[in-house]
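S.K.: Provided herewith is a single structure, encoded as structure tokens, for subsequent inquiry.
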Amino acid sequence: MGRSANEKENGVLLTHGDDDLPSVTVDDYNIELRSSDGFLGDKANKYAFQEKLEAWRKRVRKGGTDPLGKTPTGDLSKKEIDALLVGDDKEAAALVMAAVDDFADELATVLDRLLHQKSWKNTERVVVGGGFSERAVGELAIARAMVLLKSKGTEIELTPIAHHPDDAGLIGAVHLIPSWMLKGHKAILAIDIGGTNIRVGIVEMHLKEEANLSKAKVWKSDIWRHADDKPSRTTAIERLISMIEKLIDKADKADLDPAPVIGVACPGLIDADGSIVRGGQNLPGGNWESEHFNLPAAIKEAIPQIGDDETFVIMHNDAVVQGLSQVSSMQDVSSWGVLTIGTGLGNAHFTNKRERDTD
């Protein structure tokens, strides 16, 4: 079994889903906003944009030819949609832009509700992550949402996440752990579990270059699109462990000396003992919220040690971890938030502490 919520590492209490992290205080996360017809976040996830684009295509067909042709909306790739937005066919570009505007309106509505939450008061900046944020349509939707909020008198800065979203969910894991646990090592293992993919990576910390971890980057990673395979939970865990073992082997051969720490990003509300209280409904195979299942404990049981040391597993919400990848670039503000647009719409809010200790 993994460490309990009360177990200490060198006299310091470390718990899963903690609000007291080395660089920030987590004011809130995984807020579930509801509207009259369900969860508000469902109107601004990655599928919502597809729905809005399809709705516009249906309207346009009433008056003539669809400029996007006969390809079903669901079969249009991210690159194809982005290319339409900046292509020579201005009617096609205008159609995509109409969907962007509708999506931005929903995104602004979600943000407006969040900014009225007590834990989000005085927010100076919101970083938007998740796969949608890296696309041209995503960047425009983020900018448009900021314009809409400003037009209503809300002073806020919205910006796409700096790292590639695939990397951000791994890099943020280094900020879950006190720096003294990382000294003497070049890298750590990180896991990002989502409703569509599971990613495992080796994150190089580059502590000698920047003690505040601002130079941390993904050295190697592996991704499994589990949504295509629809595995059971047991099969998903077995595949995850195999991915971890292969990357540990690669890190050892490259003399990276990974720390005996595995940082895990996972959707939902995370209890101090590592169980998922709620919000894990999109995870592969289902039943991740069972009282008989504990992901950190399962990982530690399968990977009891890294190198010569006992494995320590620490887990937090995926939006929190993705937001933590931005810590070093958020030192000019004190109160900030993150939205992650993916299978769901994740959220987290932070208040900065002083810069991470360098001694």
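Ordering of the structure tokens sets the chain letters (A, B, ...); residue numbers start at 1 within each chain; ligands are numbered from 1 in the order shown.
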If you run DSSP on this backbone, which residues of range 18-94 of chain A come out as alpha helix (DSSP H), and could you give them as a compact mmCIF listing (two decimals) with N, CA, C and O atoms, in the first residue's frame?

M.R.:
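The new file out24.txt reads:
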# COMPACT_ATOMS: atom_id res chain seq x y z
N LYS A 46 -14.08 20.31 -25.51
CA LYS A 46 -13.64 20.18 -26.90
C LYS A 46 -14.74 19.68 -27.83
O LYS A 46 -14.73 19.96 -29.02
N TYR A 47 -15.70 18.93 -27.27
CA TYR A 47 -16.80 18.44 -28.09
C TYR A 47 -17.81 19.54 -28.39
O TYR A 47 -18.50 19.51 -29.41
N ALA A 48 -17.88 20.53 -27.50
CA ALA A 48 -18.84 21.62 -27.69
C ALA A 48 -18.51 22.41 -28.94
O ALA A 48 -19.41 22.87 -29.66
N PHE A 49 -17.21 22.61 -29.23
CA PHE A 49 -16.86 23.34 -30.45
C PHE A 49 -17.32 22.57 -31.69
O PHE A 49 -17.85 23.18 -32.63
N GLN A 50 -17.13 21.26 -31.70
CA GLN A 50 -17.61 20.45 -32.82
C GLN A 50 -19.11 20.61 -33.00
O GLN A 50 -19.61 20.72 -34.13
N GLU A 51 -19.84 20.60 -31.90
CA GLU A 51 -21.29 20.73 -31.97
C GLU A 51 -21.69 22.08 -32.55
O GLU A 51 -22.64 22.17 -33.34
N LYS A 52 -20.97 23.13 -32.18
CA LYS A 52 -21.30 24.46 -32.68
C LYS A 52 -20.96 24.59 -34.16
O LYS A 52 -21.70 25.23 -34.93
N LEU A 53 -19.86 23.97 -34.57
CA LEU A 53 -19.50 23.98 -35.99
C LEU A 53 -20.53 23.22 -36.81
O LEU A 53 -20.96 23.68 -37.87
N GLU A 54 -20.96 22.07 -36.31
CA GLU A 54 -21.99 21.28 -37.01
C GLU A 54 -23.30 22.05 -37.09
O GLU A 54 -23.99 22.02 -38.12
N ALA A 55 -23.66 22.76 -36.03
CA ALA A 55 -24.91 23.54 -36.03
C ALA A 55 -24.87 24.63 -37.10
O ALA A 55 -25.87 24.87 -37.81
N TRP A 56 -23.72 25.28 -37.25
CA TRP A 56 -23.59 26.31 -38.27
C TRP A 56 -23.63 25.72 -39.68
O TRP A 56 -24.22 26.30 -40.60
N ARG A 57 -23.04 24.55 -39.85
CA ARG A 57 -23.08 23.91 -41.16
C ARG A 57 -24.52 23.57 -41.56
O ARG A 57 -24.92 23.73 -42.72
N LYS A 58 -25.31 23.12 -40.61
CA LYS A 58 -26.72 22.81 -40.89
C LYS A 58 -27.49 24.06 -41.29
O LYS A 58 -28.34 24.03 -42.19
N ARG A 59 -27.21 25.16 -40.62
CA ARG A 59 -27.90 26.41 -40.96
C ARG A 59 -27.53 26.86 -42.37
O ARG A 59 -28.39 27.29 -43.15
N VAL A 60 -26.24 26.78 -42.69
CA VAL A 60 -25.78 27.23 -44.00
C VAL A 60 -26.38 26.38 -45.12
O VAL A 60 -26.73 26.89 -46.19
N ARG A 61 -26.54 25.09 -44.88
CA ARG A 61 -27.09 24.20 -45.90
C ARG A 61 -28.52 24.56 -46.28
O ARG A 61 -29.00 24.22 -47.36
N LYS A 78 -8.08 18.48 -36.52
CA LYS A 78 -7.75 19.78 -35.95
C LYS A 78 -7.02 20.65 -36.98
O LYS A 78 -7.32 21.84 -37.13
N LYS A 79 -6.07 20.03 -37.68
CA LYS A 79 -5.29 20.77 -38.67
C LYS A 79 -6.18 21.27 -39.82
O LYS A 79 -6.00 22.39 -40.32
N GLU A 80 -7.13 20.44 -40.23
CA GLU A 80 -8.01 20.84 -41.33
C GLU A 80 -8.88 22.03 -40.94
O GLU A 80 -9.07 22.97 -41.73
N ILE A 81 -9.40 22.00 -39.73
CA ILE A 81 -10.26 23.11 -39.27
C ILE A 81 -9.44 24.39 -39.12
O ILE A 81 -9.87 25.47 -39.54
N ASP A 82 -8.24 24.27 -38.57
CA ASP A 82 -7.37 25.44 -38.45
C ASP A 82 -7.00 26.00 -39.82
O ASP A 82 -6.96 27.23 -40.01
N ALA A 83 -6.76 25.11 -40.79
CA ALA A 83 -6.41 25.56 -42.14
C ALA A 83 -7.57 26.29 -42.79
O ALA A 83 -7.38 27.27 -43.52
N LEU A 84 -8.79 25.84 -42.54
CA LEU A 84 -9.97 26.51 -43.09
C LEU A 84 -10.08 27.93 -42.56
O LEU A 84 -10.47 28.86 -43.27
N LEU A 85 -9.71 28.10 -41.30
CA LEU A 85 -9.83 29.41 -40.66
C LEU A 85 -8.93 30.45 -41.32
O LEU A 85 -9.29 31.63 -41.39
N VAL A 86 -7.79 30.03 -41.83
CA VAL A 86 -6.84 30.99 -42.41
C VAL A 86 -6.66 30.78 -43.92
O VAL A 86 -5.77 31.37 -44.53
N LYS A 90 -12.98 32.26 -48.08
CA LYS A 90 -13.42 33.15 -47.00
C LYS A 90 -14.79 32.75 -46.44
O LYS A 90 -15.09 33.02 -45.27
N GLU A 91 -15.61 32.10 -47.25
CA GLU A 91 -16.90 31.64 -46.73
C GLU A 91 -16.68 30.53 -45.71
O GLU A 91 -17.31 30.51 -44.65
N ALA A 92 -15.76 29.61 -46.04
CA ALA A 92 -15.44 28.53 -45.10
C ALA A 92 -14.83 29.12 -43.82
O ALA A 92 -15.15 28.69 -42.71
N ALA A 93 -13.93 30.11 -43.99
CA ALA A 93 -13.31 30.75 -42.84
C ALA A 93 -14.35 31.43 -41.96
O ALA A 93 -14.30 31.36 -40.73
N ALA A 94 -15.33 32.09 -42.61
CA ALA A 94 -16.38 32.79 -41.86
C ALA A 94 -17.26 31.81 -41.10
O ALA A 94 -17.69 32.09 -39.97

S.K.: If you count only C-alpha atoms, which residues fall within 6 Å of Val24 in chain A, apart from same-chain ones fewer than 2 positions away, as number ranges by chain?

M.R.: A: 21, 351-353

S.K.: Would you save the residues of that selection, restricted to N, CA, C and O atoms, as a PDB file, in the first residue's frame?

M.R.:
ATOM      1  N   LEU A  21       0.939  23.683  -1.421  1.00  0.00           N
ATOM      2  CA  LEU A  21       2.027  23.177  -2.255  1.00  0.00           C
ATOM      3  C   LEU A  21       3.251  24.082  -2.112  1.00  0.00           C
ATOM      4  O   LEU A  21       3.144  25.198  -1.611  1.00  0.00           O
ATOM      5  N   THR A 351      -3.029  30.967  -5.390  1.00  0.00           N
ATOM      6  CA  THR A 351      -2.416  32.175  -4.853  1.00  0.00           C
ATOM      7  C   THR A 351      -0.934  31.879  -4.674  1.00  0.00           C
ATOM      8  O   THR A 351      -0.569  30.870  -4.047  1.00  0.00           O
ATOM      9  N   ASN A 352      -0.093  32.734  -5.230  1.00  0.00           N
ATOM     10  CA  ASN A 352       1.354  32.497  -5.169  1.00  0.00           C
ATOM     11  C   ASN A 352       1.892  32.672  -3.756  1.00  0.00           C
ATOM     12  O   ASN A 352       1.470  33.576  -3.020  1.00  0.00           O
ATOM     13  N   LYS A 353       2.845  31.813  -3.427  1.00  0.00           N
ATOM     14  CA  LYS A 353       3.686  32.041  -2.272  1.00  0.00           C
ATOM     15  C   LYS A 353       4.916  32.778  -2.798  1.00  0.00           C
ATOM     16  O   LYS A 353       4.950  33.190  -3.957  1.00  0.00           O
TER      17      LYS A 353
END

S.K.: Between A:Ala272, A:Leu247, A:Ala145, A:Ala168, single out the one closest to Gly131 in chain A, counting only C-alpha atoms.

M.R.: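 When distances to Gly131 in chain A are compared using only C-alpha atoms, the smallest one comes from A:Ala168.
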
S.K.: Between A:Asp257, A:Ile248, A:Asn212, A:Gly195, single out the one closest to Asn282 in chain A, counting only C-alpha atoms.

M.R.: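 Using only C-alpha atoms, Asn282 in chain A sits closest to A:Gly195.
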
S.K.: CA of Leu283 in chain A and CA of Ile237 in chain A are how many Å apart?

M.R.: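 Interatomic distance, CA of Leu283 in chain A to CA of Ile237 in chain A: 11.0 Å.
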
S.K.: Enumerate as a VMD selection string all residues of range 84-281 of chain A assigned to strand (DSSP E or B) by DSSP on the backbone, naming them with the chain letters and numbers the document uses.

M.R.: chain A and resid 125 to 129 157 to 160 187 to 193 198 to 204 217 to 224 258 to 266 269 to 270 276 to 278

S.K.: So which residues touch Leu115 in chain A within 10 Å, counting only C-alpha atoms, skipping near sequence neighbours fewer than 6 positions away, as a CSV table (one decimal) with all heavy atoms, in the first residue's frame?

M.R.:
chain,number,residue,atom,x,y,z
A,109,THR,N,-18.9,32.9,-20.5
A,109,THR,CA,-20.0,32.6,-19.5
A,109,THR,C,-19.4,31.8,-18.4
A,109,THR,O,-19.7,32.1,-17.2
A,109,THR,CB,-21.2,31.9,-20.2
A,109,THR,OG1,-21.7,32.8,-21.2
A,109,THR,CG2,-22.2,31.6,-19.2
A,121,LYS,N,-12.1,35.3,-6.6
A,121,LYS,CA,-12.2,36.8,-6.5
A,121,LYS,C,-10.7,37.4,-6.6
A,121,LYS,O,-9.8,36.7,-6.2
A,121,LYS,CB,-12.8,37.3,-5.1
A,121,LYS,CG,-14.3,37.0,-5.0
A,121,LYS,CD,-15.0,38.0,-5.9
A,121,LYS,CE,-16.5,37.8,-5.9
A,121,LYS,NZ,-17.1,38.2,-4.6
A,122,ASN,N,-10.6,38.5,-7.2
A,122,ASN,CA,-9.3,39.2,-7.4
A,122,ASN,C,-8.4,38.5,-8.3
A,122,ASN,O,-7.1,38.7,-8.3
A,122,ASN,CB,-8.6,39.4,-6.0
A,122,ASN,CG,-9.5,40.2,-5.1
A,122,ASN,OD1,-10.1,41.2,-5.4
A,122,ASN,ND2,-9.5,39.8,-3.8
A,123,THR,N,-8.9,37.6,-9.2
A,123,THR,CA,-8.1,36.9,-10.2
A,123,THR,C,-7.5,37.9,-11.2
A,123,THR,O,-8.2,38.7,-11.8
A,123,THR,CB,-8.9,35.8,-10.9
A,123,THR,OG1,-9.4,34.9,-10.0
A,123,THR,CG2,-8.0,35.1,-11.9
A,126,VAL,N,-5.9,34.3,-16.1
A,126,VAL,CA,-6.3,32.9,-16.3
A,126,VAL,C,-5.6,32.3,-17.5
A,126,VAL,O,-5.6,32.9,-18.6
A,126,VAL,CB,-7.9,32.8,-16.5
A,126,VAL,CG1,-8.3,31.4,-16.7
A,126,VAL,CG2,-8.6,33.4,-15.3
A,154,THR,N,-15.1,43.4,-17.0
A,154,THR,CA,-14.3,42.5,-16.2
A,154,THR,C,-12.9,42.7,-16.6
A,154,THR,O,-12.5,42.4,-17.8
A,154,THR,CB,-14.8,41.1,-16.4
A,154,THR,OG1,-16.1,40.9,-16.0
A,154,THR,CG2,-13.9,40.1,-15.6
A,156,ILE,N,-9.5,41.3,-16.9
A,156,ILE,CA,-8.9,40.0,-16.7
A,156,ILE,C,-8.0,39.7,-17.9
A,156,ILE,O,-8.3,40.2,-19.0
A,156,ILE,CB,-10.0,38.9,-16.7
A,156,ILE,CG1,-9.4,37.5,-16.3
A,156,ILE,CG2,-10.8,38.7,-18.0
A,156,ILE,CD1,-8.9,37.5,-14.8
A,337,GLY,N,-5.7,31.7,-12.2
A,337,GLY,CA,-6.4,30.5,-12.4
A,337,GLY,C,-6.0,29.8,-13.7
A,337,GLY,O,-5.3,30.3,-14.5

S.K.: What gap, in Å, lies between CA of Cys266 in chain A and CA of Gly41 in chain A?

M.R.: 17.4 Å

S.K.: Within 9 Å of range 291-302 of chain A, counting only C-alpha atoms, which residues qualify if same-chain residues fewer than 2 places away don't, as a PyMOL selection string?

M.R.: chain A and resi 1-3+16+237+240-241+262+264+273-277+287-289+304-305+310-315

S.K.: Out of A:Val321, A:Met97, A:Val327, A:Ile193, which residue has the shortest atom-to-atom distance to Thr343 in chain A when counting only C-alpha atoms?

M.R.: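 Ranking A:Val321, A:Met97, A:Val327, A:Ile193 by distance to Thr343 in chain A, first place goes to A:Ile193.
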
S.K.: From the options A:Glu139, A:Glu124, A:Asp27, A:Asp229, which residue's atoms come nearest to Asp332 in chain A, counting only C-alpha atoms?

M.R.: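 Residue with the minimum atom-to-atom distance to Asp332 in chain A: A:Glu124.
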